[in-house]
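Asker: File follows, coords_29.cif with mmCIF, C-alpha atoms:
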data_run
#
loop_
_atom_site.group_PDB
_atom_site.id
_atom_site.type_symbol
_atom_site.label_atom_id
_atom_site.label_comp_id
_atom_site.auth_asym_id
_atom_site.auth_seq_id
_atom_site.Cartn_x
_atom_site.Cartn_y
_atom_site.Cartn_z
ATOM 1 C CA MET A 1 28.600 104.018 -60.508
ATOM 2 C CA SER A 2 30.521 100.829 -61.297
ATOM 3 C CA PRO A 3 29.355 97.288 -60.528
ATOM 4 C CA ALA A 4 30.231 95.843 -57.118
ATOM 5 C CA TRP A 5 31.616 92.663 -58.667
ATOM 6 C CA PRO A 6 33.975 92.407 -61.690
ATOM 7 C CA LEU A 7 31.601 90.338 -63.825
ATOM 8 C CA ARG A 8 30.302 90.598 -67.381
ATOM 9 C CA PRO A 9 27.266 89.232 -69.231
ATOM 10 C CA GLY A 10 27.905 85.781 -70.666
ATOM 11 C CA GLN A 11 30.446 84.901 -67.982
ATOM 12 C CA ARG A 12 30.045 81.514 -66.255
ATOM 13 C CA VAL A 13 30.014 81.603 -62.454
ATOM 14 C CA ARG A 14 29.568 79.078 -59.700
ATOM 15 C CA VAL A 15 27.130 79.683 -56.845
ATOM 16 C CA GLU A 16 28.068 78.009 -53.563
ATOM 17 C CA VAL A 17 25.908 77.900 -50.455
ATOM 18 C CA TYR A 18 27.369 76.606 -47.196
ATOM 19 C CA LYS A 19 25.912 75.452 -43.881
ATOM 20 C CA TYR A 20 26.979 77.198 -40.705
ATOM 21 C CA PRO A 21 28.834 76.455 -38.461
ATOM 22 C CA GLU A 22 30.064 73.272 -40.168
ATOM 23 C CA GLU A 23 31.652 75.054 -43.169
ATOM 24 C CA ALA A 24 30.096 72.273 -45.252
ATOM 25 C CA LEU A 25 29.066 72.898 -48.855
ATOM 26 C CA HIS A 26 25.274 72.556 -48.824
ATOM 27 C CA TYR A 27 24.459 73.079 -52.512
ATOM 28 C CA PHE A 28 25.869 74.653 -55.672
ATOM 29 C CA TRP A 29 25.204 75.267 -59.348
ATOM 30 C CA GLU A 30 26.875 76.789 -62.406
ATOM 31 C CA ALA A 31 25.150 79.849 -63.880
ATOM 32 C CA GLU A 32 25.575 82.403 -66.626
ATOM 33 C CA VAL A 33 25.711 86.116 -65.862
ATOM 34 C CA VAL A 34 22.798 87.757 -67.686
ATOM 35 C CA GLU A 35 23.118 91.337 -66.491
ATOM 36 C CA VAL A 36 25.484 93.409 -64.350
ATOM 37 C CA ARG A 37 24.425 96.666 -62.688
ATOM 38 C CA PRO A 38 25.791 98.643 -59.756
ATOM 39 C CA GLU A 39 22.870 97.415 -57.669
ATOM 40 C CA GLY A 40 23.407 93.733 -58.453
ATOM 41 C CA VAL A 41 24.072 90.825 -60.775
ATOM 42 C CA LEU A 42 21.414 88.691 -62.481
ATOM 43 C CA THR A 43 22.361 85.087 -63.231
ATOM 44 C CA LEU A 44 20.587 82.282 -65.069
ATOM 45 C CA LEU A 45 20.575 78.554 -64.387
ATOM 46 C CA PRO A 46 18.834 77.482 -67.600
ATOM 47 C CA GLN A 47 16.361 74.686 -68.160
ATOM 48 C CA GLY A 48 18.423 71.503 -68.299
ATOM 49 C CA GLY A 49 20.978 72.973 -65.877
ATOM 50 C CA VAL A 50 21.895 70.964 -62.791
ATOM 51 C CA PHE A 51 21.342 71.994 -59.165
ATOM 52 C CA HIS A 52 23.663 69.945 -56.936
ATOM 53 C CA HIS A 53 22.306 69.433 -53.413
ATOM 54 C CA VAL A 54 25.396 68.143 -51.629
ATOM 55 C CA GLY A 55 23.635 67.986 -48.255
ATOM 56 C CA LYS A 56 20.977 65.626 -49.626
ATOM 57 C CA VAL A 57 23.432 63.798 -51.913
ATOM 58 C CA ARG A 58 21.409 64.377 -55.068
ATOM 59 C CA SER A 59 21.353 66.487 -58.192
ATOM 60 C CA LEU A 60 18.301 67.942 -59.877
ATOM 61 C CA VAL A 61 18.025 68.765 -63.577
ATOM 62 C CA LEU A 62 15.852 71.867 -63.900
ATOM 63 C CA ASP A 63 12.707 71.740 -66.024
ATOM 64 C CA HIS A 64 12.574 75.553 -66.069
ATOM 65 C CA ASP A 65 14.858 78.595 -66.190
ATOM 66 C CA ALA A 66 15.922 79.896 -62.769
ATOM 67 C CA TYR A 67 16.983 83.531 -62.601
ATOM 68 C CA VAL A 68 18.858 84.472 -59.426
ATOM 69 C CA ALA A 69 19.836 88.038 -58.564
ATOM 70 C CA PHE A 70 22.612 88.839 -56.109
ATOM 71 C CA PHE A 71 22.783 92.259 -54.456
ATOM 72 C CA PRO A 72 25.899 93.571 -52.693
ATOM 73 C CA GLY A 73 25.342 93.519 -48.937
ATOM 74 C CA ALA A 74 21.873 91.929 -49.190
ATOM 75 C CA TRP A 75 20.903 89.061 -46.894
ATOM 76 C CA TYR A 76 18.937 87.337 -49.666
ATOM 77 C CA SER A 77 19.174 86.345 -53.316
ATOM 78 C CA GLY A 78 16.551 85.100 -55.714
ATOM 79 C CA GLY A 79 14.277 85.756 -58.618
ATOM 80 C CA PRO A 80 11.735 84.173 -60.923
ATOM 81 C CA ASP A 81 11.511 80.577 -62.060
ATOM 82 C CA VAL A 82 10.248 80.694 -65.660
ATOM 83 C CA ARG A 83 8.917 77.992 -67.996
ATOM 84 C CA GLU A 84 7.736 78.609 -71.551
ATOM 85 C CA GLY A 85 7.549 82.352 -70.964
ATOM 86 C CA ARG A 86 5.498 82.114 -67.760
ATOM 87 C CA VAL A 87 6.650 82.977 -64.263
ATOM 88 C CA LEU A 88 6.052 79.900 -62.119
ATOM 89 C CA GLU A 89 7.126 81.503 -58.861
ATOM 90 C CA TYR A 90 9.659 83.805 -57.282
ATOM 91 C CA TYR A 91 12.059 82.003 -54.975
ATOM 92 C CA TRP A 92 14.214 83.896 -52.462
ATOM 93 C CA ASN A 93 16.886 82.356 -50.259
ATOM 94 C CA VAL A 94 17.791 84.108 -47.007
ATOM 95 C CA GLN A 95 21.551 83.960 -46.521
ATOM 96 C CA THR A 96 24.609 85.936 -45.544
ATOM 97 C CA PRO A 97 25.600 88.532 -48.144
ATOM 98 C CA ALA A 98 27.193 86.942 -51.199
ATOM 99 C CA LEU A 99 30.956 87.190 -51.399
ATOM 100 C CA TRP A 100 32.675 87.058 -54.787
ATOM 101 C CA THR A 101 35.739 84.774 -54.609
ATOM 102 C CA GLY A 102 36.919 85.460 -58.159
ATOM 103 C CA GLU A 103 35.217 82.278 -59.394
ATOM 104 C CA ALA A 104 32.077 81.905 -57.315
ATOM 105 C CA PHE A 105 29.461 83.609 -55.211
ATOM 106 C CA ARG A 106 29.780 82.189 -51.698
ATOM 107 C CA GLN A 107 27.316 82.561 -48.833
ATOM 108 C CA TYR A 108 25.903 80.767 -45.783
ATOM 109 C CA ASP A 109 22.341 79.477 -45.919
ATOM 110 C CA LEU A 110 20.226 80.782 -43.033
ATOM 111 C CA GLU A 111 17.451 78.210 -43.553
ATOM 112 C CA LEU A 112 14.639 80.698 -44.246
ATOM 113 C CA ASP A 113 13.168 80.822 -47.747
ATOM 114 C CA VAL A 114 10.434 82.931 -49.296
ATOM 115 C CA LYS A 115 8.392 81.523 -52.155
ATOM 116 C CA CYS A 116 6.017 83.868 -53.948
ATOM 117 C CA ARG A 117 3.505 82.972 -56.619
ATOM 118 C CA ALA A 118 3.380 84.934 -59.844
ATOM 119 C CA ASP A 119 0.597 87.061 -58.276
ATOM 120 C CA HIS A 120 3.144 88.042 -55.557
ATOM 121 C CA THR A 121 1.402 86.298 -52.651
ATOM 122 C CA CYS A 122 4.227 84.922 -50.529
ATOM 123 C CA GLU A 123 4.891 82.085 -48.123
ATOM 124 C CA VAL A 124 7.841 81.842 -45.756
ATOM 125 C CA PHE A 125 9.046 78.319 -45.124
ATOM 126 C CA ASP A 126 11.714 76.391 -43.237
ATOM 127 C CA ARG A 127 11.036 78.510 -40.126
ATOM 128 C CA GLU A 128 11.391 75.397 -37.949
ATOM 129 C CA GLU A 129 14.917 74.789 -39.272
ATOM 130 C CA PHE A 130 15.802 78.443 -38.716
ATOM 131 C CA LEU A 131 14.472 78.400 -35.146
ATOM 132 C CA ALA A 132 16.368 75.173 -34.388
ATOM 133 C CA LYS A 133 19.659 76.645 -35.642
ATOM 134 C CA ARG A 134 19.053 80.165 -34.353
ATOM 135 C CA PRO A 135 21.224 79.683 -31.217
ATOM 136 C CA LEU A 136 24.176 78.662 -33.437
ATOM 137 C CA TYR A 137 24.149 81.802 -35.579
ATOM 138 C CA PRO A 138 25.760 85.074 -34.548
ATOM 139 C CA ARG A 139 23.038 87.354 -33.132
ATOM 140 C CA ALA A 140 23.493 89.881 -35.947
ATOM 141 C CA TRP A 141 22.823 87.144 -38.512
ATOM 142 C CA VAL A 142 19.518 86.255 -36.844
ATOM 143 C CA GLU A 143 18.376 89.867 -36.901
ATOM 144 C CA GLU A 144 19.431 90.341 -40.527
ATOM 145 C CA ALA A 145 17.700 87.100 -41.589
ATOM 146 C CA GLU A 146 14.425 88.222 -40.022
ATOM 147 C CA ARG A 147 14.717 91.653 -41.674
ATOM 148 C CA ALA A 148 15.521 89.998 -45.023
ATOM 149 C CA VAL A 149 12.257 88.019 -44.963
ATOM 150 C CA GLU A 150 10.311 91.204 -44.215
ATOM 151 C CA ALA A 151 12.140 93.093 -46.993
ATOM 152 C CA VAL A 152 11.463 90.454 -49.671
ATOM 153 C CA VAL A 153 7.770 90.138 -48.810
ATOM 154 C CA ALA A 154 7.322 93.929 -48.604
ATOM 155 C CA GLU A 155 9.123 94.542 -51.914
ATOM 156 C CA LEU A 156 7.035 91.989 -53.792
ATOM 157 C CA ALA A 157 3.821 93.299 -52.244
ATOM 158 C CA ARG A 158 4.768 96.893 -53.121
ATOM 159 C CA ASN A 159 5.442 95.969 -56.747
ATOM 160 C CA SER A 160 2.437 93.748 -57.308
ATOM 161 C CA ARG A 161 -0.540 94.675 -59.419
ATOM 162 C CA PRO A 162 -3.007 92.605 -61.380
ATOM 163 C CA CYS A 163 -2.147 91.949 -65.030
ATOM 164 C CA ALA A 164 -5.081 90.791 -67.102
ATOM 165 C CA ALA A 165 -3.870 90.763 -70.693
ATOM 166 C CA SER A 166 -0.838 88.942 -72.028
ATOM 167 C CA SER A 167 0.390 92.295 -73.400
ATOM 168 C CA GLU A 168 0.448 93.679 -69.831
ATOM 169 C CA ILE A 169 2.400 90.637 -68.641
ATOM 170 C CA ALA A 170 4.878 91.122 -71.514
ATOM 171 C CA GLN A 171 5.209 94.803 -70.581
ATOM 172 C CA VAL A 172 6.056 93.912 -66.972
ATOM 173 C CA GLY A 173 8.525 91.308 -68.261
ATOM 174 C CA THR A 174 10.137 93.904 -70.549
ATOM 175 C CA ILE A 175 10.643 96.235 -67.599
ATOM 176 C CA SER A 176 12.142 93.358 -65.616
ATOM 177 C CA ALA A 177 14.439 92.609 -68.566
ATOM 178 C CA ASN A 178 15.805 96.178 -68.644
ATOM 179 C CA GLY A 179 13.793 97.178 -71.702
ATOM 180 C CA ASP A 180 14.508 94.090 -73.804
ATOM 181 C CA ALA A 181 11.102 93.313 -75.349
ATOM 182 C CA ALA A 182 12.151 89.864 -76.631
ATOM 183 C CA ILE A 183 13.121 88.732 -73.136
ATOM 184 C CA GLY A 184 10.111 90.540 -71.673
ATOM 185 C CA THR A 185 7.780 88.592 -73.937
ATOM 186 C CA MET A 186 9.516 85.344 -72.927
ATOM 187 C CA ILE A 187 9.124 86.169 -69.245
#
Represent the structure from my file as structure tokens, please.

Answerer:
Amino acid sequence: MSPAWPLRPGQRVRVEVYKYPEEALHYFWEAEVVEVRPEGVLTLLPQGGVFHHVGKVRSLVLDHDAYVAFFPGAWYSGGPDVREGRVLEYYWNVQTPALWTGEAFRQYDLELDVKCRADHTCEVFDREEFLAKRPLYPRAWVEEAERAVEAVVAELARNSRPCAASSEIAQVGTISANGDAAIGTMI
């Protein structure tokens, strides 16, 4: 099976997230493609990279690595934030499915976010914003957004297990890094 998007590891891509219905760019960043599989693309905004929040008129220089996975047809994207080899959290944005424009991933932000600690306990936030904008979204988007939150929380819960030793954490990281032990140890 071939990848859904014509990307390759090492390629630079732009990630653009818009607000609906204004068609206004909400935030963006430049990332590097780390891995391409039929089921999705993993990107990296490295420590020192800049997250541009257009809606808040500010830019943030990251003090950690942010891995973001995009899945064809999925109503969410996200992944781990990592500093000095430790997962700080998993951050998932609920959005319309990412479209590849040839230069950028483009999607609409649906307000809901899921933040999970390294132990996979999760918190959903920005529900108030979602509820306030709910009447503006197409009905199908609302239903998909609610299902996306459930899917992210369920997937992280299903894959969680306690890891006591650093060797176990490295093993889990190696699996997450598609068998690359060096990256697994970093994670």

Asker: Would you kindly translate the PyMOL selection byres ((chain A and resi 71) around 9) into the concrete residues it picks from this file, as a list of chain:residue names?

Answerer: A:Ala4, A:Pro38, A:Glu39, A:Gly40, A:Val41, A:Leu42, A:Ala69, A:Phe70, A:Pro72, A:Gly73, A:Ala74, A:Trp75, A:Tyr76, A:Ser77, A:Pro97, A:Ala98

Asker: Please expand the PyMOL selection byres ((chain A and resi 148) around 12) into the concrete residues it hits in this file, giving the result as a PyMOL selection string.

Answerer: chain A and resi 73-78+92-97+110+112-114+124+141-147+149-155

Asker: What is the distance between atom CA of A:Tyr67 and atom CA of A:Gly79, in Å to one decimal?

Answerer: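 For atom CA of A:Tyr67 relative to atom CA of A:Gly79, the distance reads 5.3 Å.
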
Asker: Care to translate the PyMOL selection byres ((chain A and resi 20) around 12) into actual residues of this file, as a list in words?

Answerer: Val17, Tyr18, Lys19, Pro21, Glu22, Glu23, Ala24, Leu25, His26, Gln95, Thr96, Gln107, Tyr108, Asp109, Leu110, Glu111, Phe130, Lys133, Arg134, Pro135, Leu136, Tyr137, Pro138 and Trp141 of chain A

Asker: When distances are computed from all atoms listed in the file, which of A:Gly85, A:Gly55, A:Pro80, A:Gly10 shows the smallest separation from A:Leu156?

Answerer: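 Ranking A:Gly85, A:Gly55, A:Pro80, A:Gly10 by distance to A:Leu156, first place goes to A:Pro80.
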
Asker: I'd like the contact shell of A:His64 - 9 Å cut-off, all atoms listed in the file, skipping same-chain residues fewer than 6 positions apart - returned as a list in words.

Answerer: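 Near A:His64, the qualifying residues are Leu45, Pro46, Gln47, Gly48, Gly49, Asp81, Val82, Arg83, Glu84 and Leu88 of chain A.
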
Asker: A:Ala157, A:Leu60, A:Val33, A:Ala118: which is nearest A:Leu7, counting only C-alpha atoms?

Answerer: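 So, comparing all the options, the nearest one is A:Val33.
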
Asker: Using all atoms listed in the file, pick whichever of A:Ala66, A:Arg12, A:Trp29, A:Arg139 has the shortest atom-to-atom distance to A:His53.

Answerer: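 Once distances to A:His53 are computed over all atoms listed in the file, the minimum belongs to A:Trp29.
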
Asker: Between atom CA of A:Phe125 and atom CA of A:Glu32, what distance in Å does the model show, to one decimal?

Answerer: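 Separating atom CA of A:Phe125 from atom CA of A:Glu32 is a distance of 27.4 Å.
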
Asker: Nearest to A:Trp5: which of A:Ala104, A:Val50, A:Val68, A:Ala132 is it, counting all atoms listed in the file?

Answerer: A:Ala104

Asker: Calculate how many Å separate atom CA of A:Arg14 from atom CA of A:Asp63, rounding to one decimal.

Answerer: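 Separation between atom CA of A:Arg14 and atom CA of A:Asp63: 19.4 Å.
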